[in-house]
Structures are given as C-alpha cells and as structure tokens.
>>> print(open('model01.cif').read())   # mmCIF, C-alpha atoms
data_upload
#
loop_
_atom_site.group_PDB
_atom_site.id
_atom_site.type_symbol
_atom_site.label_atom_id
_atom_site.label_comp_id
_atom_site.auth_asym_id
_atom_site.auth_seq_id
_atom_site.Cartn_x
_atom_site.Cartn_y
_atom_site.Cartn_z
ATOM 1 C CA MET Z 1 -24.438 -11.909 -5.090
ATOM 2 C CA ILE Z 2 -20.936 -12.679 -3.774
ATOM 3 C CA ALA Z 3 -18.851 -15.088 -5.844
ATOM 4 C CA GLU Z 4 -15.326 -16.461 -5.834
ATOM 5 C CA VAL Z 5 -13.155 -15.094 -8.623
ATOM 6 C CA THR Z 6 -12.282 -17.776 -11.175
ATOM 7 C CA ASP Z 7 -9.918 -17.720 -14.122
ATOM 8 C CA ARG Z 8 -12.758 -16.856 -16.474
ATOM 9 C CA ASP Z 9 -13.645 -13.804 -14.339
ATOM 10 C CA LEU Z 10 -10.187 -12.235 -14.451
ATOM 11 C CA GLY Z 11 -10.785 -9.995 -17.450
ATOM 12 C CA ARG Z 12 -13.917 -8.489 -15.915
ATOM 13 C CA ILE Z 13 -12.239 -8.131 -12.524
ATOM 14 C CA ARG Z 14 -9.272 -6.247 -13.982
ATOM 15 C CA GLU Z 15 -11.545 -4.029 -16.072
ATOM 16 C CA PHE Z 16 -13.554 -3.040 -12.991
ATOM 17 C CA LEU Z 17 -10.455 -2.380 -10.872
ATOM 18 C CA GLU Z 18 -8.732 -0.431 -13.644
ATOM 19 C CA THR Z 19 -11.752 1.862 -13.837
ATOM 20 C CA HIS Z 20 -10.853 2.887 -10.263
ATOM 21 C CA VAL Z 21 -7.122 2.318 -10.563
ATOM 22 C CA GLU Z 22 -5.916 5.036 -8.173
ATOM 23 C CA THR Z 23 -7.501 3.244 -5.207
ATOM 24 C CA SER Z 24 -7.102 -0.321 -6.521
ATOM 25 C CA LEU Z 25 -3.341 -0.677 -6.890
ATOM 26 C CA PHE Z 26 -2.884 -3.163 -4.049
ATOM 27 C CA LEU Z 27 -5.627 -5.380 -5.488
ATOM 28 C CA LEU Z 28 -4.318 -5.089 -9.058
ATOM 29 C CA SER Z 29 -0.643 -5.561 -8.168
ATOM 30 C CA ASN Z 30 -1.270 -8.575 -5.923
ATOM 31 C CA LEU Z 31 -3.597 -10.121 -8.497
ATOM 32 C CA ALA Z 32 -0.986 -9.834 -11.250
ATOM 33 C CA GLU Z 33 1.888 -11.080 -9.105
ATOM 34 C CA LEU Z 34 0.229 -13.705 -6.899
ATOM 35 C CA GLY Z 35 -3.038 -14.690 -8.567
ATOM 36 C CA HIS Z 36 -6.542 -14.761 -7.111
ATOM 37 C CA ARG Z 37 -6.083 -17.497 -4.489
ATOM 38 C CA LEU Z 38 -4.589 -17.534 -0.998
ATOM 39 C CA THR Z 39 -1.008 -18.866 -0.874
ATOM 40 C CA GLY Z 40 1.798 -18.612 1.645
ATOM 41 C CA HIS Z 41 2.666 -15.088 0.493
ATOM 42 C CA LEU Z 42 1.688 -12.310 2.904
ATOM 43 C CA ASN Z 43 -0.080 -10.327 0.181
ATOM 44 C CA SER Z 44 -2.087 -13.206 -1.291
ATOM 45 C CA GLY Z 45 -5.808 -13.686 -0.719
ATOM 46 C CA ASN Z 46 -8.962 -15.313 -2.027
ATOM 47 C CA TYR Z 47 -10.471 -12.748 -4.384
ATOM 48 C CA ARG Z 48 -14.252 -12.360 -4.387
ATOM 49 C CA TYR Z 49 -16.642 -10.020 -6.159
ATOM 50 C CA ILE Z 50 -20.155 -8.647 -5.729
ATOM 51 C CA GLU Z 51 -22.380 -8.622 -8.808
ATOM 52 C CA GLU Z 52 -25.714 -6.891 -9.432
ATOM 53 C CA ASN Z 53 -27.705 -7.250 -12.656
ATOM 54 C CA GLY Z 54 -24.754 -8.900 -14.350
ATOM 55 C CA GLU Z 55 -22.351 -6.055 -13.473
ATOM 56 C CA ILE Z 56 -19.437 -6.206 -11.027
ATOM 57 C CA GLN Z 57 -19.979 -3.709 -8.212
ATOM 58 C CA ALA Z 58 -17.137 -4.576 -5.815
ATOM 59 C CA VAL Z 59 -13.961 -6.672 -5.570
ATOM 60 C CA PHE Z 60 -12.275 -7.620 -2.305
ATOM 61 C CA CYS Z 61 -10.035 -10.101 -0.494
ATOM 62 C CA LEU Z 62 -8.564 -10.787 2.937
ATOM 63 C CA THR Z 63 -4.785 -11.099 2.612
ATOM 64 C CA ARG Z 64 -2.653 -13.469 4.635
ATOM 65 C CA ARG Z 65 -1.475 -10.356 6.514
ATOM 66 C CA GLY Z 66 -5.025 -10.036 7.832
ATOM 67 C CA ASN Z 67 -5.853 -6.898 5.830
ATOM 68 C CA ILE Z 68 -9.124 -6.485 3.955
ATOM 69 C CA LEU Z 69 -8.483 -4.945 0.524
ATOM 70 C CA ALA Z 70 -11.618 -3.688 -1.173
ATOM 71 C CA GLN Z 71 -12.858 -1.625 -4.095
ATOM 72 C CA SER Z 72 -16.549 -0.765 -4.330
ATOM 73 C CA ALA Z 73 -16.513 2.398 -6.462
ATOM 74 C CA GLY Z 74 -17.543 4.526 -3.498
ATOM 75 C CA ARG Z 75 -20.475 2.363 -2.377
ATOM 76 C CA ALA Z 76 -20.513 1.825 1.372
ATOM 77 C CA ASP Z 77 -23.627 -0.368 1.412
ATOM 78 C CA PHE Z 78 -21.563 -3.460 0.641
ATOM 79 C CA ALA Z 79 -19.608 -3.193 3.903
ATOM 80 C CA ALA Z 80 -21.583 -5.803 5.875
ATOM 81 C CA ALA Z 81 -21.481 -8.361 3.061
ATOM 82 C CA ILE Z 82 -17.731 -7.889 2.550
ATOM 83 C CA LEU Z 83 -16.976 -8.160 6.276
ATOM 84 C CA GLN Z 84 -19.129 -11.267 6.715
ATOM 85 C CA SER Z 85 -17.427 -12.934 3.754
ATOM 86 C CA CYS Z 86 -13.959 -12.150 5.108
ATOM 87 C CA GLU Z 87 -14.883 -13.377 8.581
ATOM 88 C CA ARG Z 88 -15.383 -16.854 7.098
ATOM 89 C CA GLU Z 89 -11.711 -16.979 6.034
ATOM 90 C CA PRO Z 90 -9.184 -18.963 8.153
ATOM 91 C CA ILE Z 91 -7.262 -15.717 8.836
ATOM 92 C CA GLN Z 92 -8.020 -13.258 11.609
ATOM 93 C CA ILE Z 93 -8.861 -9.775 10.346
ATOM 94 C CA GLN Z 94 -6.288 -7.211 11.460
ATOM 95 C CA GLY Z 95 -7.067 -4.182 9.307
ATOM 96 C CA VAL Z 96 -8.736 -2.513 6.355
ATOM 97 C CA VAL Z 97 -6.687 -0.936 3.535
ATOM 98 C CA ALA Z 98 -8.938 0.568 0.880
ATOM 99 C CA GLU Z 99 -10.655 3.618 -0.594
ATOM 100 C CA TRP Z 100 -12.008 5.687 2.285
ATOM 101 C CA MET Z 101 -15.786 5.247 1.883
ATOM 102 C CA ILE Z 102 -15.886 1.437 1.914
ATOM 103 C CA ALA Z 103 -13.007 1.144 4.394
ATOM 104 C CA ASP Z 104 -14.677 3.438 6.920
ATOM 105 C CA ALA Z 105 -17.964 1.540 6.635
ATOM 106 C CA ILE Z 106 -16.272 -1.854 7.151
ATOM 107 C CA TRP Z 107 -14.202 -0.457 10.022
ATOM 108 C CA LYS Z 108 -17.237 0.800 11.932
ATOM 109 C CA LEU Z 109 -18.828 -2.641 11.729
ATOM 110 C CA LEU Z 110 -15.594 -4.348 12.754
ATOM 111 C CA CYS Z 111 -15.125 -2.023 15.741
ATOM 112 C CA ALA Z 112 -18.674 -2.752 16.928
ATOM 113 C CA ASN Z 113 -17.261 -6.091 18.117
ATOM 114 C CA LEU Z 114 -16.190 -5.431 21.717
ATOM 115 C CA ARG Z 115 -13.311 -7.916 21.362
ATOM 116 C CA PHE Z 116 -11.682 -5.814 18.627
ATOM 117 C CA HIS Z 117 -9.614 -2.736 19.473
ATOM 118 C CA PRO Z 118 -8.232 -0.134 17.018
ATOM 119 C CA THR Z 119 -4.465 0.386 17.202
ATOM 120 C CA PHE Z 120 -3.897 2.671 14.182
ATOM 121 C CA THR Z 121 -6.478 4.660 12.238
ATOM 122 C CA SER Z 122 -5.641 7.141 9.516
ATOM 123 C CA LYS Z 123 -7.674 8.878 6.842
ATOM 124 C CA GLU Z 124 -4.998 9.381 4.217
ATOM 125 C CA THR Z 125 -4.893 12.077 1.549
ATOM 126 C CA LEU Z 126 -4.378 10.516 -1.875
ATOM 127 C CA PHE Z 127 -1.946 12.210 -4.289
ATOM 128 C CA SER Z 128 -1.146 11.688 -7.978
ATOM 129 C CA LEU Z 129 1.762 12.727 -10.219
ATOM 130 C CA GLU Z 130 1.785 12.488 -14.004
ATOM 131 C CA LEU Z 131 5.407 11.619 -14.746
ATOM 132 C CA SER Z 132 5.302 13.428 -18.076
ATOM 133 C CA ASN Z 133 5.155 16.588 -15.943
ATOM 134 C CA ALA Z 134 7.949 15.528 -13.556
ATOM 135 C CA SER Z 135 11.456 16.983 -13.618
ATOM 136 C CA LEU Z 136 14.458 14.659 -13.729
ATOM 137 C CA ASN Z 137 17.162 15.604 -11.246
ATOM 138 C CA PRO Z 138 20.908 14.795 -11.158
ATOM 139 C CA LEU Z 139 21.738 12.971 -7.941
ATOM 140 C CA ALA Z 140 24.860 12.058 -5.984
ATOM 141 C CA ALA Z 141 25.057 8.287 -6.395
ATOM 142 C CA LYS Z 142 27.203 7.811 -3.289
ATOM 143 C CA THR Z 143 24.507 9.093 -0.942
ATOM 144 C CA VAL Z 144 21.256 7.997 -2.556
ATOM 145 C CA ARG Z 145 20.830 4.702 -4.406
ATOM 146 C CA PRO Z 146 18.530 1.731 -4.927
ATOM 147 C CA LEU Z 147 18.646 -0.669 -1.999
ATOM 148 C CA ILE Z 148 19.869 -4.230 -2.546
ATOM 149 C CA PRO Z 149 19.155 -7.467 -0.633
ATOM 150 C CA GLU Z 150 22.372 -7.031 1.371
ATOM 151 C CA ASP Z 151 20.885 -3.860 2.884
ATOM 152 C CA PHE Z 152 18.266 -5.889 4.759
ATOM 153 C CA ALA Z 153 19.718 -5.494 8.258
ATOM 154 C CA ASP Z 154 19.964 -1.701 7.882
ATOM 155 C CA TRP Z 155 16.499 -1.552 6.322
ATOM 156 C CA LEU Z 156 14.977 -3.691 9.092
ATOM 157 C CA LYS Z 157 16.325 -1.431 11.818
ATOM 158 C CA LEU Z 158 14.975 1.662 10.082
ATOM 159 C CA ASN Z 159 11.634 0.045 9.218
ATOM 160 C CA ASN Z 160 11.117 -1.185 12.779
ATOM 161 C CA GLY Z 161 11.701 2.358 14.000
ATOM 162 C CA TYR Z 162 9.090 3.609 11.551
ATOM 163 C CA LEU Z 163 6.515 1.036 12.675
ATOM 164 C CA VAL Z 164 7.054 1.848 16.361
ATOM 165 C CA GLU Z 165 6.868 5.605 15.758
ATOM 166 C CA GLU Z 166 3.656 5.345 13.730
ATOM 167 C CA GLY Z 167 2.058 2.689 15.930
ATOM 168 C CA LEU Z 168 1.735 0.314 12.979
ATOM 169 C CA PRO Z 169 1.824 -3.486 13.286
ATOM 170 C CA ALA Z 170 4.851 -5.440 12.037
ATOM 171 C CA GLN Z 171 2.850 -7.913 9.974
ATOM 172 C CA GLY Z 172 4.478 -11.226 9.109
ATOM 173 C CA THR Z 173 7.348 -13.187 10.615
ATOM 174 C CA ALA Z 174 10.951 -11.995 10.401
ATOM 175 C CA ALA Z 175 11.596 -14.527 7.641
ATOM 176 C CA GLN Z 176 8.568 -13.342 5.662
ATOM 177 C CA ARG Z 177 9.606 -9.704 5.973
ATOM 178 C CA GLN Z 178 13.127 -10.528 4.803
ATOM 179 C CA ALA Z 179 11.834 -12.569 1.862
ATOM 180 C CA GLN Z 180 9.598 -9.696 0.804
ATOM 181 C CA PHE Z 181 12.400 -7.127 1.096
ATOM 182 C CA VAL Z 182 14.765 -9.317 -0.932
ATOM 183 C CA GLU Z 183 12.099 -9.771 -3.597
ATOM 184 C CA GLN Z 184 11.297 -6.065 -3.777
ATOM 185 C CA SER Z 185 14.870 -4.779 -3.627
ATOM 186 C CA THR Z 186 15.962 -7.245 -6.314
ATOM 187 C CA ALA Z 187 13.243 -5.744 -8.498
ATOM 188 C CA GLY Z 188 14.575 -2.235 -7.795
ATOM 189 C CA LEU Z 189 11.580 -1.098 -5.750
ATOM 190 C CA TRP Z 190 13.371 0.351 -2.671
ATOM 191 C CA TRP Z 191 15.623 3.418 -2.502
ATOM 192 C CA GLY Z 192 17.678 4.788 0.375
ATOM 193 C CA VAL Z 193 19.692 7.813 1.426
ATOM 194 C CA PHE Z 194 22.881 7.225 3.399
ATOM 195 C CA GLU Z 195 24.446 9.685 5.820
ATOM 196 C CA ASN Z 196 27.955 8.688 6.999
ATOM 197 C CA GLU Z 197 27.286 5.178 5.600
ATOM 198 C CA ARG Z 198 24.152 4.865 7.748
ATOM 199 C CA LEU Z 199 20.764 4.319 6.120
ATOM 200 C CA ALA Z 200 18.871 7.459 7.069
ATOM 201 C CA ALA Z 201 15.837 7.597 4.749
ATOM 202 C CA THR Z 202 13.860 5.291 2.480
ATOM 203 C CA VAL Z 203 11.138 5.319 -0.166
ATOM 204 C CA ALA Z 204 9.607 2.467 -2.142
ATOM 205 C CA LEU Z 205 7.158 1.426 -4.802
ATOM 206 C CA ASN Z 206 4.851 -0.873 -2.844
ATOM 207 C CA ALA Z 207 2.524 -1.680 -5.753
ATOM 208 C CA THR Z 208 2.609 -1.348 -9.534
ATOM 209 C CA HIS Z 209 0.145 -2.018 -12.321
ATOM 210 C CA ASP Z 210 0.775 -1.448 -15.982
ATOM 211 C CA THR Z 211 2.325 2.062 -16.088
ATOM 212 C CA ILE Z 212 1.192 3.223 -12.627
ATOM 213 C CA GLY Z 213 3.203 2.898 -9.429
ATOM 214 C CA GLN Z 214 2.228 3.454 -5.795
ATOM 215 C CA VAL Z 215 4.776 5.073 -3.494
ATOM 216 C CA GLY Z 216 5.177 3.919 0.111
ATOM 217 C CA GLY Z 217 7.803 3.385 2.788
ATOM 218 C CA VAL Z 218 8.654 7.105 2.936
ATOM 219 C CA TYR Z 219 10.564 7.560 6.204
ATOM 220 C CA THR Z 220 13.501 9.492 7.614
ATOM 221 C CA VAL Z 221 15.076 8.641 10.971
ATOM 222 C CA PRO Z 222 14.327 11.339 13.585
ATOM 223 C CA GLY Z 223 17.890 12.666 13.920
ATOM 224 C CA GLU Z 224 18.226 13.327 10.163
ATOM 225 C CA ARG Z 225 15.006 15.178 9.440
ATOM 226 C CA ARG Z 226 14.687 18.619 7.833
ATOM 227 C CA LYS Z 227 17.798 17.959 5.723
ATOM 228 C CA GLY Z 228 15.998 17.172 2.466
ATOM 229 C CA LEU Z 229 16.789 13.445 2.578
ATOM 230 C CA ALA Z 230 13.256 12.320 1.735
ATOM 231 C CA ARG Z 231 13.228 14.739 -1.198
ATOM 232 C CA ARG Z 232 16.460 13.243 -2.553
ATOM 233 C CA ALA Z 233 15.089 9.721 -2.220
ATOM 234 C CA MET Z 234 11.836 10.738 -3.912
ATOM 235 C CA GLN Z 235 13.753 12.372 -6.754
ATOM 236 C CA LEU Z 236 15.650 9.151 -7.440
ATOM 237 C CA LEU Z 237 12.420 7.147 -7.225
ATOM 238 C CA ILE Z 238 10.866 9.477 -9.815
ATOM 239 C CA ASN Z 239 13.919 9.191 -12.062
ATOM 240 C CA ASP Z 240 13.949 5.387 -11.876
ATOM 241 C CA SER Z 241 10.163 5.175 -12.251
ATOM 242 C CA ILE Z 242 10.565 6.876 -15.628
ATOM 243 C CA ASN Z 243 13.854 5.419 -16.864
ATOM 244 C CA ARG Z 244 13.917 1.920 -15.326
ATOM 245 C CA HIS Z 245 10.294 0.977 -14.690
ATOM 246 C CA ASN Z 246 8.676 2.851 -17.607
ATOM 247 C CA LEU Z 247 5.904 4.245 -15.428
ATOM 248 C CA HIS Z 248 3.645 7.115 -16.493
ATOM 249 C CA LYS Z 249 1.989 7.967 -13.171
ATOM 250 C CA LEU Z 250 2.699 7.745 -9.439
ATOM 251 C CA ILE Z 251 0.129 7.482 -6.640
ATOM 252 C CA LEU Z 252 0.812 7.945 -2.934
ATOM 253 C CA PHE Z 253 -1.085 8.636 0.264
ATOM 254 C CA THR Z 254 -0.168 10.292 3.540
ATOM 255 C CA GLY Z 255 -1.989 11.200 6.747
ATOM 256 C CA GLU Z 256 -4.212 14.268 6.641
ATOM 257 C CA HIS Z 257 -2.192 15.846 9.448
ATOM 258 C CA SER Z 258 1.274 15.059 8.006
ATOM 259 C CA VAL Z 259 1.999 18.682 7.104
ATOM 260 C CA ALA Z 260 5.673 18.253 6.146
ATOM 261 C CA ALA Z 261 4.977 15.225 3.955
ATOM 262 C CA ARG Z 262 2.069 16.948 2.226
ATOM 263 C CA GLU Z 263 4.242 19.961 1.452
ATOM 264 C CA LEU Z 264 7.041 17.748 0.097
ATOM 265 C CA TYR Z 265 4.701 15.951 -2.286
ATOM 266 C CA LYS Z 266 3.088 19.173 -3.482
ATOM 267 C CA ASN Z 267 6.531 20.683 -4.122
ATOM 268 C CA LEU Z 268 7.418 17.607 -6.207
ATOM 269 C CA GLY Z 269 4.336 18.197 -8.360
ATOM 270 C CA PHE Z 270 1.807 15.801 -6.778
ATOM 271 C CA THR Z 271 -1.844 16.880 -6.660
ATOM 272 C CA THR Z 272 -4.606 15.652 -4.331
ATOM 273 C CA ILE Z 273 -7.231 13.325 -5.830
ATOM 274 C CA GLY Z 274 -9.134 11.787 -2.904
ATOM 275 C CA HIS Z 275 -8.781 9.778 0.291
ATOM 276 C CA PHE Z 276 -7.538 6.344 1.295
ATOM 277 C CA ALA Z 277 -7.690 4.391 4.562
ATOM 278 C CA LEU Z 278 -5.091 2.663 6.728
ATOM 279 C CA LEU Z 279 -6.994 1.078 9.614
ATOM 280 C CA PHE Z 280 -5.490 -1.550 11.915
ATOM 281 C CA GLY Z 281 -6.474 -3.214 15.167
ATOM 282 C CA ASP Z 282 -6.080 -6.233 17.412
ATOM 283 C CA TRP Z 283 -8.264 -8.742 19.239
ATOM 284 C CA ASP Z 284 -8.552 -9.647 22.886
ATOM 285 C CA LYS Z 285 -6.420 -12.663 23.637
#
>>> encode(input="model01.cif", output="structure tokens")
Amino acid sequence: MIAEVTDRDLGRIREFLETHVETSLFLLSNLAELGHRLTGHLNSGNYRYIEENGEIQAVFCLTRRGNILAQSAGRADFAAAILQSCEREPIQIQGVVAEWMIADAIWKLLCANLRFHPTFTSKETLFSLELSNASLNPLAAKTVRPLIPEDFADWLKLNNGYLVEEGLPAQGTAAQRQAQFVEQSTAGLWWGVFENERLAATVALNATHDTIGQVGGVYTVPGERRKGLARRAMQLLINDSINRHNLHKLILFTGEHSVAARELYKNLGFTTIGHFALLFGDWDK
C-alpha cells in the first residue's frame, strides 16, 4: 500500500530512514528542513511510503528538481510502484538519486520509455568517516576558508564548469541556485580554496541529519589539479564538521572510476560501505 506521509506518520518515517541513514541523508535532511510536502524549494517533495503488514518498507518523493529520492532497504521490487506514483506528480522526472539497488531498478523502467534519454549515469562508491578517528589539521586561513554569500559569482563560475565537465544538469533557475547557495553558505556549509585570489576548489556539506553530514561539491578547476587543493578543503570541512557543526560521522560518494578521488578519501580515513546512484536524463521535446 502506498500512502501520503502525514504529520502523524513522521516518527515512523524518520525511524525507518534512520535505520538506513547512510543512504537516506537527502530524504532525512530535506524532511527536517522543508517538511513532507512540495513547496517552491528545489529540494521539496511530496513524501510517500509503502507499507506491508503494518510495517514501512520504503519511503520516497519526487523533488521539485525532478529527482526521485528513495529508500527501500535494498528491495528492488518496489521500483514500478514508486515510479508510477512519481509519474502522477506535476513535475517531470529528470533523475534518480538513491541507494543503488532501488535506483537501478527504477532507472531501467524509466529508460524503457523511448522518449526518455540518459544524460548522466554513475554507480557511486559510498564512503564513511567516523570523526572520532579523524585528525584535525592546522590550515592557512588566507587560502582556504568557508565561503560566504558574496562568493556567489566565483562559486557559480566554478560550479558551472563542474557541471559541464561531468555532464550533469544545472537544475533550477539562476535565482533558485543563488538562493540555495546563499542559504547554504550562510549556514557554513561550503568551503573553498583560493589560488591568487581565484576560487580554485570547493567542498560542501549537501545534507545533514542529527550528527551525520554528507559531503558533496568536491571539485578543483582543471588548471589547479594535483596540488593538494581538494585535500586542504576537505581538511577544513572535517575540522569545521567537528568544531562548528558538532558532527560525528561524514558520508560521501564518488564515481567507481574516479581513482584520484577514491585515493584522496581513503588517505583521509574514509572507508567504503556500499553504493549509491546518480542517474539523470532528459525527455524528447
């Protein structure tokens, strides 16, 4: 049975998602920040759940971005029901961002529609770091620092370069992207490394829940790679995650073939714990 999440369901929904927290951070973070109903925010969505014998088996939503977020505890047999439910939303589906098993099953059904064409597909390796095991590092404040709202123009140029290089969609209008960056940077969730006063590398916390944070936005401009800039940014993120945000664990994911990124994360103490999916596409006009 598929049902809309109501206020009285929230405790059960959180309990289910927290049982699978490493692959539920987008759902948990958006739920805490934006609630369980679709609003004008890009990350909002109408939360639904699947129940069997009185027990929640899956939670999902279609965000205003057009991304299906789903958690089904490894069960792929719910894919058709989740996709059909999301197809009834007034938003066109553009991607699936979820634990690998359910995401892959939904994606195969979505791609069976001849009008839909994949533009970016990645099976991501999921990493975890217990911050009690992390080392704090002294950093040069003039070259690496938290980003602030006034950094938007520099951030936008760098982020656009990242999206083009990876083949990822720039979801949302320019105004929506700026509003989200201002919101996140005000909360101290973006960090950058500057070379000759130019923003050259970034990292971010793109979702948080309780004492767990999810790392994203890790990017270095092509001309500044192999200089350790991403490592410096990650070190400051780890420091601030402990001292400013009071986090106990970090989660991140990167493409299976991203050798340099995988080595960086392993050297920082991250260990592999599973797989995640970033799957995006577009429709015939």
>>> residues_around(input="model01.cif", residues="Leu114 in chain Z", least_positions_apart="6", cutoff="12 Å", atoms="all atoms listed in the file", output="list in words")
Lys108, Gly281, Asp282, Trp283 and Asp284 of chain Z
>>> atom_distance(input="model01.cif", atom1="CA of Phe120 in chain Z", atom2="CA of Arg88 in chain Z")
23.7 Å
>>> atom_distance(input="model01.cif", atom1="CA of Val96 in chain Z", atom2="CA of Phe280 in chain Z")
6.5 Å
>>> resolve_selection(input="model01.cif", expression="the PyMOL selection byres ((chain Z and resi 79) around 8)", output="MDAnalysis selection string")
chainID Z and resid 76:78 80:83 102:103 105:106 109
>>> residues_around(input="model01.cif", residues="range 213-228 of chain Z", least_positions_apart="6", cutoff="6 Å", atoms="only C-alpha atoms", output="PyMOL selection string")
chain Z and resi 200-207+250-252
>>> closest_atom_pairs(input="model01.cif", of="range 178-232 of chain Z", to="range 140-163 of chain Z", cutoff="9 Å", atoms="all atoms listed in the file", output="tab-separated table")
residue	atom	partner	partner_atom	distance
Z:Gln178	CA	Z:Phe152	CA	6.9
Z:Phe181	CA	Z:Pro149	CA	7.0
Z:Val182	CA	Z:Pro149	CA	4.8
Z:Glu183	CA	Z:Pro149	CA	8.0
Z:Gln184	CA	Z:Pro149	CA	8.6
Z:Ser185	CA	Z:Ile148	CA	5.1
Z:Thr186	CA	Z:Ile148	CA	6.2
Z:Gly188	CA	Z:Pro146	CA	6.3
Z:Leu189	CA	Z:Pro146	CA	7.5
Z:Trp190	CA	Z:Leu147	CA	5.4
Z:Trp191	CA	Z:Pro146	CA	4.1
Z:Gly192	CA	Z:Val144	CA	5.6
Z:Val193	CA	Z:Val144	CA	4.3
Z:Phe194	CA	Z:Thr143	CA	5.0
Z:Glu195	CA	Z:Thr143	CA	6.8
Z:Asn196	CA	Z:Thr143	CA	8.7
Z:Glu197	CA	Z:Thr143	CA	8.1
Z:Arg198	CA	Z:Asp154	CA	7.8
Z:Leu199	CA	Z:Asp154	CA	6.3
Z:Ala200	CA	Z:Leu158	CA	7.6
Z:Ala201	CA	Z:Leu158	CA	8.0
Z:Thr202	CA	Z:Trp155	CA	8.3
Z:Gly217	CA	Z:Asn159	CA	8.2
Z:Tyr219	CA	Z:Tyr162	CA	6.8
Z:Thr220	CA	Z:Tyr162	CA	8.3
Z:Val221	CA	Z:Leu158	CA	7.0
Z:Leu229	CA	Z:Val144	CA	8.7
Z:Arg232	CA	Z:Val144	CA	7.1
>>> closest_residue(input="model01.cif", among="Z:Thr173, Z:Glu166, Z:Glu22, Z:Thr63", to="Ile273 in chain Z", atoms="only C-alpha atoms")
Z:Glu22
>>> atom_distance(input="model01.cif", atom1="CA of Ala261 in chain Z", atom2="CA of Leu236 in chain Z")
16.8 Å
>>> resolve_selection(input="model01.cif", expression="the PyMOL selection byres ((chain Z and resi 3-13) around 6)", output="list in words")
Ile2, Arg14, Glu15, Phe16, Tyr47, Arg48 and Tyr49 of chain Z
>>> write_last_selection(input="model01.cif", atoms="C-alpha atoms", output="compact mmCIF listing (two decimals), keeping the file's coordinate frame")
# COMPACT_ATOMS: atom_id res chain seq x y z
CA ILE Z 2 -20.94 -12.68 -3.77
CA ARG Z 14 -9.27 -6.25 -13.98
CA GLU Z 15 -11.54 -4.03 -16.07
CA PHE Z 16 -13.55 -3.04 -12.99
CA TYR Z 47 -10.47 -12.75 -4.38
CA ARG Z 48 -14.25 -12.36 -4.39
CA TYR Z 49 -16.64 -10.02 -6.16
>>> resolve_selection(input="model01.cif", expression="the PyMOL selection byres ((chain Z and resi 62) around 8)", output="PyMOL selection string")
chain Z and resi 45-47+60-61+63-69+86+89+91+93
>>> residues_around(input="model01.cif", residues="Ile238 in chain Z", least_positions_apart="4", cutoff="8 Å", atoms="only C-alpha atoms", output="VMD selection string")
chain Z and resid 131 134 136 234 242
>>> closest_residue(input="model01.cif", among="Z:His36, Z:Ser44, Z:Asn113, Z:Thr23", to="Ser72 in chain Z", atoms="only C-alpha atoms")
Z:Thr23
>>> decode(input="model01.cif", residues="range 46-57 of chain Z", atoms="N, CA, C and O atoms", output="PDB file, in the first residue's frame")
ATOM      1  N   ASN Z  46       6.614  15.753  -2.223  1.00  0.00           N
ATOM      2  CA  ASN Z  46       5.525  15.090  -1.505  1.00  0.00           C
ATOM      3  C   ASN Z  46       5.996  13.698  -1.083  1.00  0.00           C
ATOM      4  O   ASN Z  46       6.147  12.805  -1.913  1.00  0.00           O
ATOM      5  N   TYR Z  47       6.228  13.533   0.204  1.00  0.00           N
ATOM      6  CA  TYR Z  47       6.737  12.263   0.720  1.00  0.00           C
ATOM      7  C   TYR Z  47       5.617  11.218   0.744  1.00  0.00           C
ATOM      8  O   TYR Z  47       4.497  11.490   1.158  1.00  0.00           O
ATOM      9  N   ARG Z  48       5.972  10.007   0.300  1.00  0.00           N
ATOM     10  CA  ARG Z  48       5.062   8.872   0.341  1.00  0.00           C
ATOM     11  C   ARG Z  48       5.803   7.669   0.924  1.00  0.00           C
ATOM     12  O   ARG Z  48       7.033   7.645   0.966  1.00  0.00           O
ATOM     13  N   TYR Z  49       5.030   6.684   1.360  1.00  0.00           N
ATOM     14  CA  TYR Z  49       5.657   5.470   1.891  1.00  0.00           C
ATOM     15  C   TYR Z  49       4.890   4.246   1.432  1.00  0.00           C
ATOM     16  O   TYR Z  49       3.707   4.316   1.068  1.00  0.00           O
ATOM     17  N   ILE Z  50       5.581   3.107   1.429  1.00  0.00           N
ATOM     18  CA  ILE Z  50       4.984   1.814   1.122  1.00  0.00           C
ATOM     19  C   ILE Z  50       4.959   1.001   2.412  1.00  0.00           C
ATOM     20  O   ILE Z  50       5.976   0.901   3.113  1.00  0.00           O
ATOM     21  N   GLU Z  51       3.803   0.430   2.713  1.00  0.00           N
ATOM     22  CA  GLU Z  51       3.622  -0.317   3.956  1.00  0.00           C
ATOM     23  C   GLU Z  51       3.154  -1.736   3.644  1.00  0.00           C
ATOM     24  O   GLU Z  51       2.320  -1.947   2.761  1.00  0.00           O
ATOM     25  N   GLU Z  52       3.712  -2.711   4.349  1.00  0.00           N
ATOM     26  CA  GLU Z  52       3.277  -4.097   4.259  1.00  0.00           C
ATOM     27  C   GLU Z  52       3.117  -4.654   5.663  1.00  0.00           C
ATOM     28  O   GLU Z  52       4.027  -4.527   6.492  1.00  0.00           O
ATOM     29  N   ASN Z  53       1.963  -5.241   5.943  1.00  0.00           N
ATOM     30  CA  ASN Z  53       1.704  -5.837   7.256  1.00  0.00           C
ATOM     31  C   ASN Z  53       1.982  -4.867   8.403  1.00  0.00           C
ATOM     32  O   ASN Z  53       2.537  -5.243   9.440  1.00  0.00           O
ATOM     33  N   GLY Z  54       1.607  -3.616   8.187  1.00  0.00           N
ATOM     34  CA  GLY Z  54       1.759  -2.606   9.221  1.00  0.00           C
ATOM     35  C   GLY Z  54       3.160  -2.058   9.387  1.00  0.00           C
ATOM     36  O   GLY Z  54       3.397  -1.238  10.277  1.00  0.00           O
ATOM     37  N   GLU Z  55       4.119  -2.481   8.529  1.00  0.00           N
ATOM     38  CA  GLU Z  55       5.497  -2.032   8.636  1.00  0.00           C
ATOM     39  C   GLU Z  55       5.896  -1.226   7.402  1.00  0.00           C
ATOM     40  O   GLU Z  55       5.571  -1.607   6.270  1.00  0.00           O
ATOM     41  N   ILE Z  56       6.576  -0.109   7.615  1.00  0.00           N
ATOM     42  CA  ILE Z  56       7.076   0.696   6.499  1.00  0.00           C
ATOM     43  C   ILE Z  56       8.196  -0.058   5.806  1.00  0.00           C
ATOM     44  O   ILE Z  56       9.146  -0.528   6.447  1.00  0.00           O
ATOM     45  N   GLN Z  57       8.095  -0.164   4.485  1.00  0.00           N
ATOM     46  CA  GLN Z  57       9.087  -0.870   3.679  1.00  0.00           C
ATOM     47  C   GLN Z  57       9.876   0.054   2.757  1.00  0.00           C
ATOM     48  O   GLN Z  57      10.966  -0.314   2.304  1.00  0.00           O
TER      49      GLN Z  57
END
